[in-house]
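K.L.:
The following block contains the structure, expressed as structure tokens.
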Amino acid sequence: MKNLMNLQKIASRNNNNRAFGYPGYTESVDFITKQLSKQSKTSSFYVQDFPALWTNVTSISLSIDGVDTFVFGLQYSPSTSPEGVTLPLVLGPTGPAGCSVDGYAGFDVAGKAVLVERGTCPTGGTLAGRLRPAAAAGAAVVIIYNNVVSHVTGGTLSAPDPERFVPGGFIDRVDGLPVVERLLAGEAVTIKFQQTQVIETKITQNVIAETRGGDEGNVVMLGAHLDSVVAGPGINDDGSGTSLILELFTALNSFQHNLKVRFAWWGAEENGLLGSRYYTSHLSPANASSLLTYLNFDMVSKGYFGVFDGDGSSFNLSGPAGSDVIEKIFVDDLTSKGLTVTPAVFSGGSDYQSFFELGFPVGGLHTGTGVAQDPCYHQACDTYENPNSTVLTVNAKTAAHVLSILAMEGDKLIPKRVAKRTLALGEMQYPRSIAWGVEEGQHGHSVTCGHEE
């Protein structure tokens, strides 16, 4: 828990967050590199700079018939004029119909503000997938109300799209449902909405470390994201994963292992897995061919004991070949301790996605994002007091057990990813055809951790 306390102190010194683009993240990078430098005899590390889009909502307000209402500015939303806009509010279609412009047939939304419920769409995610169809149907503003009771503290459209986006806001369910009832009853409702959002490119960092020893042709990689959301310190999400792999890194330097082991602390995960995407898209052919597997640890200290469903038996979405082996090793260790294992769905919501989409075997631990697992997820209360030390310790010991097996004989257990051809540096491409699952009760990791598209 000492690592978590250090991360909490960093957040406390920096406006209660460790988010990309803010001083708390820079200090978090410094903390990790200082710890890694203590093992310089048996390992090496480097800091990988990469460009990432950073956003800042400098002003935002929403009033519904003159009543001020909390609203979160969707990341990458276009701005309104400085004066804002006053528009009639109408309901958009619900369910799957809200995912396509065809679903708006018969809805009079042109030039108006549209109120829609957040929800999973086949393409575009839970937020962008709702905003784009409304915009295509002619809406001037889109207000999305949450589909779960948690207070909204984040939400992204994944990337700027000025041609197909209109200004958008994200409100709490408790505020949205009464307005829905009024509109269904035939009442006329008017809103005033104003948002100014700055979007710019900033340079941020991943931190990559690896053992000096071990077979360079077979690399076992572990990762966790280092950044938090702006709303809080991120001690469970993902200080817990950050701390877990840091302890594994430190311990591994005292043991023999046959394979090379690599560790990554990702930047800008909360902005769309940007750090891991940059890393995987810039893998050299040699590094790509040597990478055996990737293990992800994002939120591992509060909730159920979750293991990713590598064989697809629970959610009908299996990981690349070898993911089933990884799942079994994790599950066998946890069940041997008398613990109940909850299958974790591949929702595409964390950095494993960057490896999964390129065909690398993946696995890992995840304790859940639902209110029942962590009511402080993406909230200001995700502080040092939030994690459960027992859950974190159990997961750390299980992760150590799995690593001890894979670092010794992973090349005998997991098939190597087969590339159709050798790609040049920076040529890795991401297919977009994977139908990601939805985590039960989750309210953020639907597409990316807190960057609900």
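Note on naming: chains are A, B, ... as they come in the structure tokens, residues start from 1 per chain, ligands start from 1 in the order shown.
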Can you build me a table of region 164-226 of chain A residues sitting at most 6 Å from region 61-73 of chain A, with the closest atom pair per residue and its distance in Å to one decimal, using only C-alpha atoms, sorted by chain and residue number, as JSON lines?
P.N.:
```
{"residue": "A:Gly169", "atom": "CA", "partner": "A:Gly73", "partner_atom": "CA", "distance": 5.0}
{"residue": "A:Phe170", "atom": "CA", "partner": "A:Phe72", "partner_atom": "CA", "distance": 5.0}
{"residue": "A:Ile171", "atom": "CA", "partner": "A:Val71", "partner_atom": "CA", "distance": 4.8}
{"residue": "A:Thr190", "atom": "CA", "partner": "A:Asp65", "partner_atom": "CA", "distance": 5.3}
{"residue": "A:Ile191", "atom": "CA", "partner": "A:Ile64", "partner_atom": "CA", "distance": 4.5}
{"residue": "A:Lys192", "atom": "CA", "partner": "A:Ser63", "partner_atom": "CA", "distance": 5.3}
{"residue": "A:Phe193", "atom": "CA", "partner": "A:Leu62", "partner_atom": "CA", "distance": 4.6}
{"residue": "A:Gln194", "atom": "CA", "partner": "A:Ser61", "partner_atom": "CA", "distance": 5.3}
```
K.L.:
Put those residues in a file: C-alpha atoms, as a compact mmCIF listing (two decimals), in the first residue's frame.
P.N.:
```
# COMPACT_ATOMS: atom_id res chain seq x y z
CA GLY A 169 -23.29 17.34 -23.09
CA PHE A 170 -23.60 14.41 -20.67
CA ILE A 171 -25.98 14.62 -17.69
CA THR A 190 -36.48 24.68 -23.73
CA ILE A 191 -32.79 24.51 -22.89
CA LYS A 192 -29.90 26.92 -22.95
CA PHE A 193 -26.54 25.25 -23.49
CA GLN A 194 -23.08 26.77 -23.64
```
K.L.:
Excluding Ala400 (chain A) and its own-chain neighbours fewer than 2 positions away, which residues fall within 12 Å of it when counting only C-alpha atoms? Please give them as a PyMOL selection string.
P.N.:
chain A and resi 222+244-252+255+295+329-330+333-334+364-365+393-398+402-407
K.L.:
List the spatial neighbours of region 24-30 of chain A as a ChimeraX atom specification - criterion: any atom at most 12 Å away, only C-alpha atoms, same-chain residues fewer than 4 positions off excluded.
P.N.:
/A:3-4,6-20,34-37,46-49,203-208,225-230,232-235,238-239,242-243,264-270
K.L.:
Enter the distance from CA of Pro178 (chain A) to CA of Val149 (chain A), in Å, rounded to one decimal.
P.N.:
13.5 Å
K.L.:
Rank A:Gly322, A:Gly363, A:Gly213, A:Pro133 by their smallest atom-to-atom distance to Pro343 (chain A), using only C-alpha atoms, and report the top residue only.
P.N.:
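With only C-alpha atoms as the atom set, the closest residue is A:Gly363.
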K.L.:
A:Gly214, A:Pro375, A:Gly312, A:Gly306: which is nearest Thr42 (chain A), counting only C-alpha atoms?
P.N.:
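Of A:Gly214, A:Pro375, A:Gly312, A:Gly306, the one nearest Thr42 (chain A) is A:Gly214, counting only C-alpha atoms.
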K.L.:
Would you pick out the contacts of region 51-57 of chain A at 10 Å or less, using only C-alpha atoms, so that residues sharing its chain but fewer than 2 positions from it are not included, and give the list as a compact mmCIF listing (two decimals) with N, CA and C atoms, in the first residue's frame?
P.N.:
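Saved the output as around.txt:
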```txt
# COMPACT_ATOMS: atom_id res chain seq x y z
N PHE A 20 -3.50 12.94 -17.48
CA PHE A 20 -2.70 13.35 -18.63
C PHE A 20 -2.86 14.85 -18.88
N GLY A 21 -1.71 15.49 -19.10
CA GLY A 21 -1.72 16.91 -19.40
C GLY A 21 -1.64 17.81 -18.19
N TYR A 22 -1.63 17.20 -17.00
CA TYR A 22 -1.60 17.97 -15.77
C TYR A 22 -0.35 17.60 -14.95
N ASP A 49 8.12 9.22 -25.20
CA ASP A 49 7.27 10.38 -25.46
C ASP A 49 6.33 10.08 -26.62
N SER A 59 -15.48 26.52 -20.19
CA SER A 59 -16.77 27.00 -19.69
C SER A 59 -17.87 26.08 -20.18
N ILE A 60 -18.86 25.83 -19.33
CA ILE A 60 -19.99 24.99 -19.71
C ILE A 60 -21.16 25.28 -18.79
N PHE A 72 -21.71 17.53 -18.02
CA PHE A 72 -20.29 17.28 -18.31
C PHE A 72 -20.07 17.48 -19.80
N GLY A 73 -19.02 18.21 -20.13
CA GLY A 73 -18.70 18.45 -21.53
C GLY A 73 -18.04 17.23 -22.15
N LEU A 74 -18.70 16.60 -23.11
CA LEU A 74 -18.15 15.42 -23.75
C LEU A 74 -16.81 15.75 -24.41
N GLN A 75 -15.81 14.96 -24.09
CA GLN A 75 -14.48 15.21 -24.64
C GLN A 75 -14.52 15.14 -26.16
N TYR A 76 -13.94 16.13 -26.79
CA TYR A 76 -13.87 16.30 -28.26
C TYR A 76 -15.16 16.84 -28.85
N SER A 77 -16.08 17.28 -27.99
CA SER A 77 -17.28 17.93 -28.50
C SER A 77 -16.93 19.29 -29.10
N SER A 79 -17.48 23.25 -29.70
CA SER A 79 -17.96 24.31 -28.82
C SER A 79 -19.19 24.97 -29.40
N ALA A 159 -12.49 10.90 -30.41
CA ALA A 159 -11.61 11.70 -31.26
C ALA A 159 -12.43 12.83 -31.87
N PRO A 160 -11.78 13.93 -32.22
CA PRO A 160 -12.53 15.01 -32.86
C PRO A 160 -13.12 14.56 -34.20
N GLN A 195 -20.96 25.79 -24.20
CA GLN A 195 -19.73 25.03 -23.94
C GLN A 195 -18.59 25.61 -24.77
N THR A 196 -17.47 25.82 -24.11
CA THR A 196 -16.23 26.17 -24.80
C THR A 196 -15.19 25.12 -24.44
N GLN A 197 -14.67 24.45 -25.43
CA GLN A 197 -13.71 23.37 -25.20
C GLN A 197 -12.46 23.59 -26.05
N VAL A 198 -11.32 23.55 -25.39
CA VAL A 198 -10.04 23.69 -26.05
C VAL A 198 -9.50 22.29 -26.37
N ILE A 199 -9.07 22.08 -27.60
CA ILE A 199 -8.47 20.81 -28.01
C ILE A 199 -7.10 21.10 -28.59
N GLU A 200 -6.07 20.49 -28.01
CA GLU A 200 -4.72 20.71 -28.51
C GLU A 200 -3.87 19.46 -28.31
N THR A 201 -2.76 19.41 -29.02
CA THR A 201 -1.84 18.28 -28.90
C THR A 201 -0.79 18.57 -27.84
N LYS A 202 -0.62 17.61 -26.94
CA LYS A 202 0.43 17.70 -25.94
C LYS A 202 1.30 16.46 -25.99
N ILE A 203 2.52 16.59 -25.53
CA ILE A 203 3.43 15.44 -25.44
C ILE A 203 3.31 14.84 -24.05
N THR A 204 3.07 13.53 -24.00
CA THR A 204 3.02 12.83 -22.72
C THR A 204 3.90 11.59 -22.81
N GLN A 205 3.80 10.68 -21.83
CA GLN A 205 4.80 9.62 -21.75
C GLN A 205 4.20 8.27 -21.35
N GLY A 267 0.49 5.95 -20.52
CA GLY A 267 -0.05 7.30 -20.40
C GLY A 267 -1.30 7.47 -21.22
N ALA A 268 -2.12 8.44 -20.82
CA ALA A 268 -3.33 8.85 -21.57
C ALA A 268 -4.27 7.70 -21.88
N ASN A 271 -7.87 8.82 -21.92
CA ASN A 271 -8.24 9.62 -23.09
C ASN A 271 -8.44 8.76 -24.33
N GLY A 272 -8.43 7.45 -24.17
CA GLY A 272 -8.66 6.58 -25.32
C GLY A 272 -7.56 5.59 -25.60
N LEU A 274 -4.45 5.88 -25.46
CA LEU A 274 -3.53 6.51 -26.41
C LEU A 274 -2.09 6.03 -26.25
N GLY A 275 -1.67 5.79 -25.00
CA GLY A 275 -0.29 5.36 -24.79
C GLY A 275 -0.03 3.97 -25.34
N TYR A 278 -0.12 3.96 -29.13
CA TYR A 278 1.10 4.50 -29.72
C TYR A 278 2.20 3.44 -29.68
```
K.L.:
Taking the DSSP assignment computed from this structure's backbone, write out as a PyMOL selection string all residues of region 171-399 of chain A that belong to helix (DSSP H, G or I).
P.N.:
chain A and resi 173-184+235-252+269-271+274-281+285-290+323-336+352-356+389-399
K.L.:
Can you pull out every residue within 9 Å of Ala128 (chain A), counting only C-alpha atoms, but drop anything in the same chain fewer than 2 positions away, and send it as a compact mmCIF listing (two decimals) with N, CA, C and O atoms, in the first residue's frame?
P.N.:
```txt
# COMPACT_ATOMS: atom_id res chain seq x y z
N CYS A 121 -23.89 0.90 -28.82
CA CYS A 121 -24.21 0.82 -30.24
C CYS A 121 -23.21 -0.09 -30.94
O CYS A 121 -22.06 -0.19 -30.49
N THR A 123 -21.53 0.32 -33.55
CA THR A 123 -20.35 1.11 -33.91
C THR A 123 -20.44 2.45 -33.20
O THR A 123 -21.53 2.96 -32.96
N GLY A 124 -19.31 2.99 -32.85
CA GLY A 124 -19.30 4.33 -32.28
C GLY A 124 -19.40 4.41 -30.78
O GLY A 124 -19.29 5.48 -30.22
N GLY A 125 -19.61 3.28 -30.09
CA GLY A 125 -19.62 3.31 -28.64
C GLY A 125 -20.91 3.85 -28.05
O GLY A 125 -21.92 4.05 -28.74
N THR A 126 -20.89 4.11 -26.76
CA THR A 126 -22.10 4.46 -26.02
C THR A 126 -22.43 5.95 -26.07
O THR A 126 -23.56 6.34 -25.72
N ARG A 130 -24.39 7.55 -30.09
CA ARG A 130 -25.69 8.20 -29.92
C ARG A 130 -25.70 9.61 -30.50
O ARG A 130 -26.73 10.09 -30.99
N LEU A 131 -24.54 10.28 -30.42
CA LEU A 131 -24.49 11.67 -30.87
C LEU A 131 -24.48 11.78 -32.40
O LEU A 131 -25.18 12.63 -32.97
N ARG A 132 -23.70 10.93 -33.06
CA ARG A 132 -23.57 11.05 -34.52
C ARG A 132 -24.91 10.91 -35.26
O ARG A 132 -25.21 11.71 -36.16
N PRO A 133 -25.72 9.88 -34.94
CA PRO A 133 -27.00 9.76 -35.67
C PRO A 133 -27.91 10.97 -35.48
O PRO A 133 -28.57 11.41 -36.42
N THR A 156 -16.25 10.57 -23.33
CA THR A 156 -15.53 11.05 -24.48
C THR A 156 -16.18 10.59 -25.78
O THR A 156 -16.84 9.56 -25.82
N LEU A 157 -15.95 11.34 -26.81
CA LEU A 157 -16.38 10.98 -28.16
C LEU A 157 -15.23 10.32 -28.92
O LEU A 157 -15.31 10.13 -30.13
N SER A 158 -14.15 10.02 -28.21
CA SER A 158 -12.99 9.26 -28.68
C SER A 158 -12.01 10.07 -29.51
O SER A 158 -10.81 9.94 -29.33
N PHE A 165 -19.94 15.78 -35.76
CA PHE A 165 -20.33 16.07 -34.39
C PHE A 165 -21.03 17.42 -34.30
O PHE A 165 -20.74 18.35 -35.08
N GLU A 452 -15.90 6.66 -22.56
CA GLU A 452 -17.02 5.97 -23.18
C GLU A 452 -17.35 6.64 -24.48
O GLU A 452 -17.89 7.71 -24.52
N GLU A 453 -17.04 6.03 -25.57
CA GLU A 453 -17.29 6.63 -26.87
C GLU A 453 -18.79 6.82 -27.07
O GLU A 453 -19.58 6.01 -26.66
```
